[in-house]
Structure formats: C-alpha cells, structure tokens
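Structure file my_file11.cif; described as mmCIF, C-alpha atoms.
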```cif
data_run
loop_
_atom_site.label_atom_id
_atom_site.label_comp_id
_atom_site.auth_asym_id
_atom_site.auth_seq_id
_atom_site.Cartn_x
_atom_site.Cartn_y
_atom_site.Cartn_z
CA MET A 22 142.71 74.09 218.19
CA SER A 23 143.00 77.86 217.58
CA ASP A 24 144.14 77.51 213.94
CA THR A 25 141.77 74.69 213.06
CA GLY A 26 138.82 75.20 210.69
CA ILE A 27 135.34 74.23 211.80
CA GLY A 28 135.16 71.08 209.67
CA ALA A 29 138.43 69.63 210.93
CA LEU A 30 137.55 70.59 214.50
CA LEU A 31 134.19 68.80 214.39
CA VAL A 32 135.83 65.68 212.94
CA ARG A 33 138.46 65.75 215.69
CA LEU A 34 135.88 66.18 218.47
CA ARG A 35 133.70 63.39 217.08
CA THR A 36 136.44 60.83 216.43
CA ALA A 37 137.95 61.47 219.86
CA ARG A 38 134.71 60.10 221.30
CA GLY A 39 134.43 57.27 218.79
CA TRP A 40 131.05 58.57 217.61
CA THR A 41 129.41 58.32 214.21
CA GLN A 42 127.92 61.38 212.53
CA GLN A 43 124.46 60.01 213.35
CA ARG A 44 125.42 59.72 217.03
CA VAL A 45 126.35 63.41 217.03
CA ALA A 46 122.99 64.22 215.44
CA ASP A 47 121.16 62.11 218.02
CA GLU A 48 122.97 63.85 220.90
CA TYR A 49 122.17 67.24 219.36
CA ASN A 50 118.49 66.37 218.93
CA ALA A 51 118.26 65.13 222.52
CA LEU A 52 119.55 68.48 223.78
CA GLU A 53 117.33 70.60 221.52
CA GLY A 54 114.27 68.42 222.14
CA ARG A 55 113.31 67.77 218.51
CA ALA A 56 114.50 65.94 215.40
CA ALA A 57 116.47 68.90 214.08
CA LYS A 58 119.61 67.23 212.69
CA THR A 59 120.60 64.12 210.78
CA GLY A 60 123.97 62.44 210.38
CA LYS A 61 123.99 63.72 206.80
CA GLU A 62 123.82 67.31 208.04
CA ILE A 63 126.66 66.74 210.50
CA GLY A 64 128.66 65.45 207.54
CA ARG A 65 127.98 68.70 205.70
CA TYR A 66 129.42 70.67 208.60
CA GLU A 67 132.51 68.45 208.69
CA ARG A 68 133.09 68.88 204.94
CA GLU A 69 132.31 72.60 205.33
CA ALA A 70 129.64 72.27 202.67
CA ARG A 71 127.70 74.26 205.25
CA VAL A 72 128.96 76.35 208.18
CA PRO A 73 126.95 75.88 211.40
CA VAL A 74 125.24 79.12 212.39
CA PRO A 75 125.59 80.53 215.96
CA TYR A 76 122.40 78.84 217.16
CA THR A 77 123.64 75.45 215.94
CA ARG A 78 127.15 76.03 217.32
CA LYS A 79 125.67 76.63 220.77
CA TYR A 80 124.20 73.12 220.83
CA LEU A 81 127.21 71.49 219.16
CA ALA A 82 129.40 72.97 221.90
CA ARG A 83 127.17 71.36 224.52
CA VAL A 84 127.26 68.04 222.66
CA PHE A 85 131.06 67.97 222.74
CA GLY A 86 131.47 69.66 226.13
CA VAL A 87 133.54 72.59 224.86
CA ASP A 88 133.16 76.34 225.09
CA VAL A 89 131.15 77.76 222.20
CA ALA A 90 133.98 80.28 221.64
CA VAL A 91 136.14 77.37 220.42
CA LEU A 92 133.66 76.68 217.63
CA ASP A 93 133.27 80.38 216.86
CA ARG A 94 137.06 80.75 216.39
CA ALA A 95 137.12 77.68 214.14
CA VAL A 96 134.39 79.19 211.97
CA ALA A 97 136.41 82.41 211.72
CA VAL A 98 139.46 80.39 210.61
CA SER A 99 137.41 78.60 207.93
CA LYS A 100 136.03 81.86 206.59
CA SER A 101 139.46 83.50 206.54
CA LEU A 102 140.89 80.56 204.60
CA ARG A 103 138.08 80.91 202.05
CA GLY A 104 138.61 84.64 201.78
CA GLY A 105 135.47 85.63 203.67
CA GLU A 106 131.78 85.30 202.89
CA ASP A 107 130.16 88.33 201.28
CA SER A 108 126.45 87.70 201.67
CA ALA A 109 125.17 91.06 200.42
CA PRO A 110 122.55 90.37 197.71
CA GLU A 111 123.26 92.04 194.37
CA ARG A 112 121.62 91.83 190.98
CA SER A 113 123.28 90.05 188.07
CA GLN A 114 122.59 93.07 185.88
CA GLU A 115 125.04 95.13 187.96
CA TRP A 116 127.81 92.71 187.13
CA SER A 117 126.89 92.97 183.47
CA VAL A 118 127.22 96.77 183.61
CA ARG A 119 130.61 96.59 185.33
CA ARG A 120 131.84 94.02 182.83
CA SER A 121 130.90 96.18 179.86
CA ALA A 122 132.82 99.09 181.39
CA VAL A 123 136.18 97.26 181.12
CA PRO A 124 138.15 99.02 178.36
CA VAL A 125 139.39 97.11 175.33
CA CYS A 126 143.21 97.46 175.30
CA SER A 127 146.15 95.82 173.64
CA GLY A 128 149.26 94.08 174.95
CA VAL A 129 149.85 94.11 178.72
CA GLY A 130 146.85 96.40 179.22
CA ALA A 131 144.56 93.86 177.55
CA VAL A 132 145.87 91.05 179.76
CA SER A 133 145.37 93.19 182.86
CA ALA A 134 141.85 94.11 181.83
CA ASP A 135 141.09 90.46 181.17
CA ALA A 136 142.25 89.56 184.70
CA ALA A 137 140.03 92.32 186.08
CA ALA A 138 137.06 90.77 184.27
CA SER A 139 137.81 87.42 185.92
CA ALA A 140 138.00 89.08 189.31
CA ASP A 141 134.70 90.81 188.61
CA PHE A 142 133.07 87.48 187.82
CA ALA A 143 134.45 85.96 191.05
CA ARG A 144 132.72 88.76 192.96
CA PHE A 145 129.52 88.04 191.04
CA ILE A 146 129.67 84.39 192.12
CA ALA A 147 129.90 85.51 195.75
CA GLN A 148 126.74 87.61 195.48
CA ARG A 149 123.65 85.78 196.73
CA ASN A 150 120.36 86.40 198.47
CA ALA A 151 120.52 83.47 200.91
CA ASP A 152 123.30 82.31 203.22
CA GLU A 153 123.64 79.33 205.58
CA PHE A 154 121.64 81.04 208.29
CA VAL A 155 118.68 81.81 206.01
CA VAL A 156 118.53 78.23 204.73
CA GLU A 157 118.94 76.69 208.16
CA GLN A 158 116.22 78.89 209.65
CA LEU A 159 113.86 77.95 206.81
CA GLU A 160 114.55 74.25 207.42
CA ALA A 161 113.87 74.72 211.14
CA ASP A 162 110.55 76.44 210.37
CA VAL A 163 109.55 73.64 207.99
CA ALA A 164 110.40 71.00 210.61
CA ARG A 165 108.30 72.82 213.21
CA LEU A 166 105.31 73.11 210.88
CA ALA A 167 105.66 69.48 209.78
CA ARG A 168 105.49 68.31 213.38
CA VAL A 169 102.60 70.46 214.60
CA TYR A 170 100.59 69.94 211.37
CA VAL A 171 99.29 66.58 212.57
CA SER A 172 97.99 67.93 215.87
CA HIS A 173 96.81 71.51 215.21
CA PRO A 174 93.84 72.91 213.29
CA LEU A 175 94.66 73.67 209.67
CA LEU A 176 93.51 77.27 209.97
CA GLU A 177 96.29 77.93 212.48
CA LEU A 178 98.99 76.89 210.01
CA TYR A 179 97.72 77.71 206.53
CA VAL A 180 98.88 81.32 206.41
CA GLU A 181 102.39 80.53 207.71
CA ILE A 182 102.82 77.60 205.31
CA LYS A 183 101.91 79.87 202.40
CA ARG A 184 104.19 82.68 203.61
CA LEU A 185 107.20 80.39 203.94
CA ARG A 186 106.48 78.65 200.63
CA ASP A 187 106.27 81.96 198.77
CA GLY A 188 109.45 83.10 200.53
CA ALA A 189 111.30 79.97 199.39
CA PHE A 190 110.13 80.55 195.81
CA GLU A 191 111.36 84.15 195.95
CA LEU A 192 114.77 83.07 197.23
CA LEU A 193 115.05 80.49 194.45
CA ARG A 194 114.39 83.21 191.88
CA GLY A 195 117.50 84.96 193.16
CA ARG A 196 121.09 83.76 193.44
CA GLN A 197 122.67 81.36 195.91
CA ARG A 198 125.54 78.96 196.03
CA PRO A 199 124.63 75.60 194.41
CA ARG A 200 124.44 73.73 197.73
CA GLN A 201 122.06 76.37 199.12
CA THR A 202 119.95 76.23 195.97
CA ALA A 203 119.56 72.47 196.42
CA ASP A 204 118.56 72.93 200.06
CA LEU A 205 116.05 75.62 199.09
CA TYR A 206 114.51 73.30 196.49
CA VAL A 207 114.08 70.63 199.19
CA ALA A 208 112.47 73.17 201.53
CA GLY A 209 110.23 74.36 198.69
CA SER A 210 109.24 70.77 197.97
CA ARG A 211 108.30 70.19 201.60
CA LEU A 212 106.32 73.42 201.83
CA CYS A 213 104.44 72.54 198.63
CA GLY A 214 103.84 69.12 200.18
CA LEU A 215 102.36 70.78 203.26
CA SER A 216 100.19 72.96 201.00
CA ALA A 217 99.03 69.84 199.15
CA HIS A 218 98.07 68.24 202.45
CA VAL A 219 96.07 71.32 203.49
CA CYS A 220 94.07 71.09 200.26
CA LEU A 221 93.76 67.33 200.60
CA ASP A 222 92.39 67.59 204.12
CA LEU A 223 89.92 70.27 202.98
CA GLY A 224 88.75 68.12 200.06
CA ASP A 225 90.14 70.40 197.31
CA TYR A 226 91.77 67.59 195.36
CA ASP A 227 92.56 69.56 192.18
CA SER A 228 94.53 72.16 194.15
CA ALA A 229 96.22 69.39 196.13
CA ALA A 230 97.35 67.81 192.85
CA THR A 231 98.77 71.13 191.64
CA HIS A 232 100.81 71.63 194.82
CA ALA A 233 101.97 68.00 194.62
CA ARG A 234 103.24 68.45 191.06
CA THR A 235 105.25 71.50 192.13
CA ALA A 236 106.56 69.59 195.14
CA ARG A 237 107.72 66.83 192.79
CA ALA A 238 109.37 69.35 190.43
CA CYS A 239 111.29 70.88 193.35
CA ALA A 240 112.33 67.45 194.63
CA GLU A 241 113.56 66.49 191.15
CA ALA A 242 115.54 69.74 190.89
CA ALA A 243 117.23 68.89 194.20
CA GLY A 244 117.65 65.20 193.35
CA HIS A 245 116.07 64.29 196.71
CA GLU A 246 114.92 60.66 196.58
CA GLY A 247 113.15 60.82 199.92
CA MET A 248 110.92 63.71 198.86
CA LEU A 249 110.25 62.14 195.46
CA ALA A 250 108.99 59.03 197.24
CA TRP A 251 106.94 61.09 199.72
CA VAL A 252 105.28 63.13 196.96
CA ARG A 253 104.20 59.89 195.32
CA SER A 254 102.47 58.99 198.58
CA VAL A 255 100.52 62.28 198.47
CA GLU A 256 99.59 61.69 194.83
CA SER A 257 98.44 58.20 195.82
CA LEU A 258 96.24 59.72 198.55
CA ILE A 259 94.71 62.17 196.06
CA ALA A 260 93.93 59.34 193.64
CA TYR A 261 92.43 57.25 196.47
CA TRP A 262 90.09 59.97 197.72
CA THR A 263 88.93 60.75 194.17
CA GLY A 264 87.96 57.12 193.59
CA ARG A 265 90.88 56.14 191.35
CA TYR A 266 91.94 53.19 193.48
CA GLU A 267 94.01 51.29 190.91
CA GLN A 268 95.96 54.45 190.10
CA ALA A 269 96.44 55.02 193.84
CA ALA A 270 98.05 51.59 194.11
CA GLN A 271 100.23 52.23 191.05
CA LEU A 272 101.45 55.58 192.39
CA ALA A 273 102.33 54.06 195.75
CA ARG A 274 104.18 51.24 193.98
CA ALA A 275 106.06 53.77 191.83
CA GLY A 276 107.15 55.63 194.95
CA ARG A 277 108.70 52.46 196.34
CA HIS A 278 111.19 52.46 193.46
CA HIS A 279 112.96 55.48 194.94
CA ARG A 280 115.89 54.67 197.21
CA ALA A 281 114.85 56.49 200.34
CA GLY A 282 115.52 55.84 204.01
CA GLY A 283 113.25 56.27 207.00
CA SER A 284 109.64 55.15 207.17
CA ILE A 285 108.55 56.08 203.64
CA GLY A 286 108.70 52.45 202.48
CA ALA A 287 106.15 51.45 205.12
CA ARG A 288 103.93 54.40 204.14
CA LEU A 289 103.90 53.54 200.45
CA ALA A 290 103.29 49.82 201.05
CA SER A 291 100.41 50.66 203.41
CA LEU A 292 98.85 52.97 200.82
CA GLU A 293 99.16 50.30 198.16
CA ALA A 294 97.57 47.70 200.47
CA ARG A 295 94.56 49.88 201.25
CA ALA A 296 93.92 50.72 197.59
CA LEU A 297 94.24 47.09 196.48
CA ALA A 298 91.83 45.98 199.20
CA VAL A 299 89.18 48.40 197.92
CA VAL A 300 89.39 47.00 194.37
CA GLY A 301 89.07 43.45 195.69
CA ASP A 302 92.67 42.29 195.27
CA ARG A 303 92.86 40.47 198.59
CA ALA A 304 96.13 38.69 197.79
CA GLY A 305 97.81 41.90 196.64
CA ALA A 306 96.58 43.76 199.72
CA ALA A 307 97.90 41.03 202.03
CA ALA A 308 101.29 41.05 200.28
CA ALA A 309 101.54 44.84 200.51
CA LEU A 310 100.67 44.75 204.22
CA THR A 311 103.46 42.22 204.72
CA ASP A 312 105.83 44.50 202.79
CA ALA A 313 104.85 47.39 205.06
CA GLY A 314 105.86 45.36 208.10
CA ARG A 315 109.14 44.33 206.50
CA SER A 316 109.91 47.92 205.53
CA ARG A 317 109.37 48.96 209.13
CA GLU A 318 111.74 46.25 210.40
CA ALA A 319 114.39 47.07 207.78
CA MET A 320 114.04 50.84 208.19
CA SER A 321 117.39 52.50 207.50
CA GLY A 322 117.99 55.65 209.51
CA HIS A 323 115.58 58.16 210.96
CA ASP A 324 113.11 60.29 209.06
CA GLU A 325 114.68 63.58 208.02
CA MET A 326 111.52 65.47 208.97
CA PRO A 327 108.99 64.77 211.74
CA GLY A 328 105.19 64.89 211.75
CA ILE A 329 103.46 64.80 208.39
CA PHE A 330 106.64 63.61 206.63
CA ALA A 331 107.07 60.62 208.96
CA PHE A 332 105.01 57.44 209.18
CA PRO A 333 104.89 56.34 212.82
CA THR A 334 103.95 52.83 213.89
CA ALA A 335 100.57 54.08 215.11
CA LYS A 336 99.71 55.34 211.62
CA GLN A 337 100.77 52.02 210.11
CA PHE A 338 98.33 50.18 212.40
CA ALA A 339 95.60 52.69 211.47
CA TYR A 340 96.13 51.97 207.77
CA ALA A 341 96.18 48.24 208.41
CA GLY A 342 92.80 48.51 210.14
CA THR A 343 91.26 50.35 207.19
CA THR A 344 92.72 47.77 204.80
CA GLN A 345 91.34 44.81 206.76
CA LEU A 346 87.87 46.39 206.81
CA ALA A 347 88.01 46.80 203.03
CA VAL A 348 89.02 43.15 202.59
CA GLY A 349 85.92 42.13 204.58
CA GLY A 350 84.88 38.91 206.25
CA ARG A 351 84.56 38.24 209.97
CA GLU A 352 88.20 37.25 210.46
CA HIS A 353 89.50 40.42 208.78
CA VAL A 354 87.02 42.58 210.66
CA GLN A 355 88.39 41.16 213.91
CA ARG A 356 91.92 41.98 212.74
CA ALA A 357 90.76 45.49 211.84
CA ILE A 358 89.40 45.99 215.35
CA THR A 359 92.73 44.87 216.83
CA SER A 360 94.75 47.13 214.49
CA ALA A 361 92.55 50.19 215.06
CA GLY A 362 92.63 49.64 218.82
CA THR A 363 96.43 49.40 218.75
CA ALA A 364 96.68 52.62 216.72
CA ILE A 365 94.47 54.45 219.23
CA ARG A 366 96.54 53.20 222.16
CA LEU A 367 99.83 54.20 220.53
CA TYR A 368 98.60 57.66 219.56
CA ARG A 369 97.36 58.32 223.08
CA SER A 370 100.79 57.46 224.50
CA VAL A 371 102.78 60.08 222.55
CA GLU A 372 103.30 63.80 223.16
CA ASP A 373 100.52 66.15 222.09
CA ASP A 374 102.44 67.58 219.13
CA ASP A 375 103.08 64.07 217.77
CA ARG A 376 99.46 62.90 218.14
CA SER A 377 97.78 62.95 214.75
CA ILE A 378 94.20 64.03 215.44
CA GLY A 379 93.13 63.00 211.94
CA ASP A 380 94.51 59.48 212.27
CA LEU A 381 93.15 59.17 215.80
CA LEU A 382 89.67 60.08 214.54
CA ALA A 383 90.02 57.73 211.56
CA ALA A 384 91.04 54.85 213.82
CA HIS A 385 87.98 55.47 216.04
CA VAL A 386 85.65 55.48 213.02
CA ASP A 387 87.22 52.25 211.75
CA LEU A 388 86.91 50.69 215.19
CA ALA A 389 83.25 51.74 215.35
CA ARG A 390 82.59 50.29 211.89
CA GLY A 391 84.26 47.04 212.91
CA HIS A 392 81.90 46.73 215.91
CA LEU A 393 78.95 47.57 213.65
CA LEU A 394 79.87 44.86 211.15
CA LEU A 395 79.91 42.38 214.04
CA GLY A 396 76.43 43.55 215.12
CA ASP A 397 77.65 45.31 218.29
CA LEU A 398 75.64 48.56 218.29
CA ASP A 399 76.55 49.41 221.88
CA GLY A 400 80.25 49.06 221.06
CA THR A 401 79.80 51.20 217.96
CA GLU A 402 78.12 54.00 219.91
CA ALA A 403 80.69 53.88 222.70
CA VAL A 404 83.63 54.23 220.30
CA LEU A 405 81.96 57.01 218.32
CA GLY A 406 81.59 59.08 221.49
CA PHE A 407 85.17 60.34 221.06
CA VAL A 408 84.53 61.36 217.43
CA LEU A 409 81.18 63.04 218.07
CA ALA A 410 82.65 65.01 220.98
CA SER A 411 85.56 66.32 218.87
CA PRO A 412 85.46 69.87 217.44
CA PRO A 413 84.13 69.76 213.84
CA GLU A 414 86.97 72.04 212.66
CA ARG A 415 89.44 69.26 213.52
CA MET A 416 87.81 66.88 211.01
CA SER A 417 89.31 66.57 207.54
CA ALA A 418 87.33 65.84 204.38
CA SER A 419 88.29 62.16 204.65
CA ILE A 420 86.83 61.94 208.17
CA VAL A 421 83.59 63.53 206.95
CA ARG A 422 83.39 60.93 204.21
CA ARG A 423 83.98 58.11 206.67
CA LEU A 424 81.25 59.41 208.98
CA THR A 425 78.84 59.78 206.06
CA ALA A 426 79.54 56.21 204.93
CA LEU A 427 79.04 54.91 208.47
CA GLY A 428 75.70 56.74 208.64
CA ARG A 429 74.61 54.99 205.44
CA ASP A 430 75.59 51.64 206.96
CA LEU A 431 73.41 52.37 209.98
CA GLY A 432 70.47 52.90 207.63
CA GLY A 433 70.69 49.30 206.41
CA PRO A 434 67.66 47.02 206.79
CA GLN A 435 69.52 44.69 209.16
CA TYR A 436 69.29 47.32 211.90
CA GLY A 437 65.51 47.61 211.56
CA GLY A 438 65.26 51.31 212.30
CA ALA A 439 65.77 50.82 216.04
CA ALA A 440 65.64 54.01 218.13
CA GLN A 441 69.31 53.63 219.11
CA THR A 442 70.32 53.34 215.44
CA VAL A 443 68.19 56.29 214.31
CA HIS A 444 69.55 58.53 217.06
CA LEU A 445 73.18 57.57 216.35
CA ARG A 446 72.69 58.11 212.63
CA GLU A 447 71.24 61.59 213.22
CA ARG A 448 74.22 62.52 215.40
CA LEU A 449 76.63 61.33 212.71
CA GLN A 450 74.85 63.33 210.01
CA HIS A 451 74.79 66.46 212.18
CA THR A 452 78.53 66.19 212.91
CA ALA A 453 79.36 65.57 209.23
CA VAL A 454 77.37 68.65 208.17
CA LEU A 455 79.11 70.86 210.74
CA ALA A 456 82.56 69.58 209.75
CA ALA A 457 81.87 70.17 206.04
CA SER A 458 80.64 73.75 206.55
CA PRO A 459 82.32 76.73 204.77
CA ALA A 460 83.94 77.65 208.10
CA ALA A 461 86.45 74.90 207.38
CA CYS A 462 87.90 76.85 204.43
CA PRO A 463 91.28 78.54 205.01
CA PRO A 464 91.30 82.32 205.40
CA GLU A 465 92.71 84.69 202.83
CA PRO A 466 96.32 85.52 203.74
CA PRO A 467 96.98 89.12 204.73
CA THR A 468 98.13 91.40 201.92
#
```

Translate this structure into structure tokens?
Amino acid sequence: MSDTGIGALLVRLRTARGWTQQRVADEYNALEGRAAKTGKEIGRYEREARVPVPYTRKYLARVFGVDVAVLDRAVAVSKSLRGGEDSAPERSQEWSVRRSAVPVCSGVGAVSADAAASADFARFIAQRNADEFVVEQLEADVARLARVYVSHPLLELYVEIKRLRDGAFELLRGRQRPRQTADLYVAGSRLCGLSAHVCLDLGDYDSAATHARTARACAEAAGHEGMLAWVRSVESLIAYWTGRYEQAAQLARAGRHHRAGGSIGARLASLEARALAVVGDRAGAAAALTDAGRSREAMSGHDEMPGIFAFPTAKQFAYAGTTQLAVGGREHVQRAITSAGTAIRLYRSVEDDDRSIGDLLAAHVDLARGHLLLGDLDGTEAVLGFVLASPPERMSASIVRRLTALGRDLGGPQYGGAAQTVHLRERLQHTAVLAASPAACPPEPPT
C-alpha cells in the first residue's frame, strides 16, 4: 500500500470489508462519540475532493484497524502526485504585479514569456486562505454548537456563534479552491441559521429574518438543498411567531419542495400543520400531521448536523401536541395530552446535550393547558411545577408567550377566581416577567 494515494487506499479498505460509505461514517461516529461524518464526506475523501486531516486520519485508522502511519503515507503520495499543496495565503494583487512585470518579446522569447505567465497563473490558483484543515475544523465547531444549542443557555453560545460566523465571512472574502468555497458557504449558512435562532428565541424577529435571508443566500451559493429547506423552516417560525400564520404554512410548504434527506421533511410538515390549525384549517392540519409521520417513516439517511438542525421524534410529538390543542375539541385535547406526554418522556430519556430545554418546557406548558381545558386544575398545577422551577434565563420568547397566554386562560370566568387559580396565575405572571427581563439580552462581543 506504500505507493497508493489516500483515495484509492480508503476505497480498498472499505470494499475489503464489504462496507458502504455510510457504514464507514457510522463506524467513525461511534468511535468519536458524535455525528461528525456522513457517507457523503467519506465519498469526498475517496475521490480526494478533500484530504482527511491528521485528526480525521487517526479515527479512520481505528475504523479500519490499520496503523495511522499507513494513512499518513497515502496522503503524502496523493500530495506528491498533485505536485504539493501550497496553502500560504497571498493577495491577488501580487499576482497582478508579477504578471505586468513579464517583458513583451518577440519570437521564441515571446513564447517563453507567455509560458511563464501561465505558470504564474497556476501559482495564483494555488494561493488560498483556507485549506482542508481550516474547513474541517470550522465544520466540527458548527456541529458542536448545533448540538449544545438546544440544551445550553443562549448567553453561553452567542459570542462564539458570532465569532465563527464572522470568521467564515472573512474566509469567503478571500480565496479558496472551489470545493472549499462551497463548504464555507454551507458553514456560513449554518452559522447564520444559528444566529437567526438566537434572535428568534430572544423575540427579535426582524433580526432573525435578516440572518435567515443571509443563511438562504449562502445555501443558494453552495447549492445545498438541505440548508435551503431548513432555512424555510426558520422563516416559517418567524412568520408564525409574528402572527402571519398563513404565510408560515406557505413557507413550510415551499421548503418541502427541496429534495433534502434526513428529518427536515417531518419538521416542515409539522410546522405547516401547526400553522394551519391556528387559522382553523382542521383538514389541512390533519393532512400535514399525517405527512409528518410519513416523512419520518420514509426518512432517507441521517441528518448532516445534530441538535438545532435535526428534528428528533420527541420534537415531532411536541409539535403534534401544540397542533392538536389549536384544533380544539375534547378529543383533540386528549390527543394533545398524549403527544405532549410522549415528547416529555422521550426528551427525558436522551443525553443532556440532546435534550432541548425549550421543547421540554413547551411540552410541559401544552400538557398543562390540556389539563386546564379538561377542567383539571390540580393536574395543570402539577405539570407547571417543572416550568415554574426552571431558571428564567432558559426560557425563550415563545415560552414567555405561552405562559402569558395560559395566565389569561386562568383568568376566565369559568374558574371563578378560586384561590388556587389566582395563586397559580400570579406565579405564571411573575415567571413570565423574569424571563422577559433585559437580562435575557445577549452581551456585546469583546472587541
């Protein structure tokens, strides 16, 4: 194997085991302990569209049971065959200066000078400000942030999201190879998507929309169908929480036209169902809920990114509960209670970093509202205990709005101003005020 390039070596090691590229990715992810690779990325390594960096080679060696030095030598062979990889960043203006310095000659001298100009341009092509390692590290950072976003306070992540996003923009303003440019656009799209979610969770919907538009522009530049579909889901959320429910349904439906794998189909159908339920389209909401279930069953491949970019089964049940409550009627309220209870149980069974605090709180509020609609005040108070005991800084703008709405429901004449109702309503109002305080605003990043 000593004279084999890295791509051919990886193909040989994989086919010798009868594995698919996705199987290699799954084995890699099991060793590293997170969803770091996809079959598509393994394919890039095999085609040498990307060279695995030392960190990645260490795990690939363990996957195939070979010494990492074997992979290192194969990478060296690939680079020697391509004439090396000069990653020193240079400015395009320097090439322009060198080109203008080529003398204008005649005859053989002119031909020689012309060849020198071609060689100069080849060197210019090799100059770039990002190599495989830079892009891969950025993708790893995005995956980490995407996973912990759902379980950590926003203020812990805001500054790093902004730093990485601005770094991706700066790299894109420089020069890279086309494949690295595409990967940087995808990373930029995801980081803008994370920024949009920060603003969305803080209730700054105009800023969220701005970040979402940039995320969509980056996804379009990369031609990434999965991110284009995901951005539509964020735009649908923004429309929903600003009271534009029909537009929210339309945006979710538009996102479903993108050919994307993973759980995005279930997400978009669930968003459409919830929005249609609010506007009173019971048949449309029921059909969309059915589509969400079908999308889950027909899900092709794994999600490329974890956390906020995925749509776990627990979240699907949480959305179904909210939808059933919006449809209304005793039968649907009972279904909502079942769905919210299932979501809570599923979220409690996963690892801490995969437990969406926002969705867990939302499911508890929906469950409490379901008990209230059935006249069960004791059940309502018992379920709300988890929400009221949670730190206010963990509550997004949407949770505050749900708590406020539930407080209004408790003020209805059917509850007669009972002491239990008044006390519970006061606790809800107090928690909502604390959660909506200025302390929830993100800090200014360091300069």

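Counting only C-alpha atoms and comparing A:Val299, A:Ala29, A:Leu394, A:Ala308, the residue that lies closest to A:Arg351 is A:Leu394.
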
Checklist entry - If we count all atoms listed in the file, what is near A:Tyr226 at a cut-off of 9 Å, once residues fewer than 3 positions away on the same chain are taken out, given as a PyMOL selection string? => result chain A and resi 217+220-223+229-231+259-260+262-263

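Between atom CA of A:Leu424 and atom CA of A:Ala456 lies a distance of 10.3 Å.
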
Checklist entry - For the atom pair atom CA of A:Ala90 and atom CA of A:Asp162, what is the interatomic distance in Å to one decimal place? => result 26.3 Å

Checklist entry - Is there a way to get, as a PyMOL selection string, all residues within 6 Å of the point (105.1, 68.4, 195.1) in file coordinates, counting all atoms listed in the file? => result chain A and resi 210+213-214+232-237+252

Item to check | Residues returned when the PyMOL selection byres ((chain A and resi 66-68) around 10) runs on this file, as JSON, numbers by chain | outcome: {"A": [26, 27, 28, 29, 30, 31, 32, 33, 35, 42, 61, 62, 63, 64, 65, 69, 70, 71, 72, 73]}

Next on the checklist: Considering only C-alpha atoms, can you say which of A:Asp227, A:Asp47, A:Asp152, A:Glu246 comes closest to A:Arg196?
Outcome noted: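 Of the candidates, the smallest distance to A:Arg196 is held by A:Asp152.
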
Next on the checklist: Taking all atoms listed in the file into account, name the residue in A:Thr452, A:Ser257, A:Thr442, A:Gln345 that is nearest to A:Glu414.
Outcome noted: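 Residue with the minimum atom-to-atom distance to A:Glu414: A:Thr452.
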
Item to check | the PyMOL selection byres ((chain A and resi 349) around 12) resolved against shown file, as number ranges by chain | outcome: A: 298-303, 306, 342-348, 350-358, 390-391, 394-395
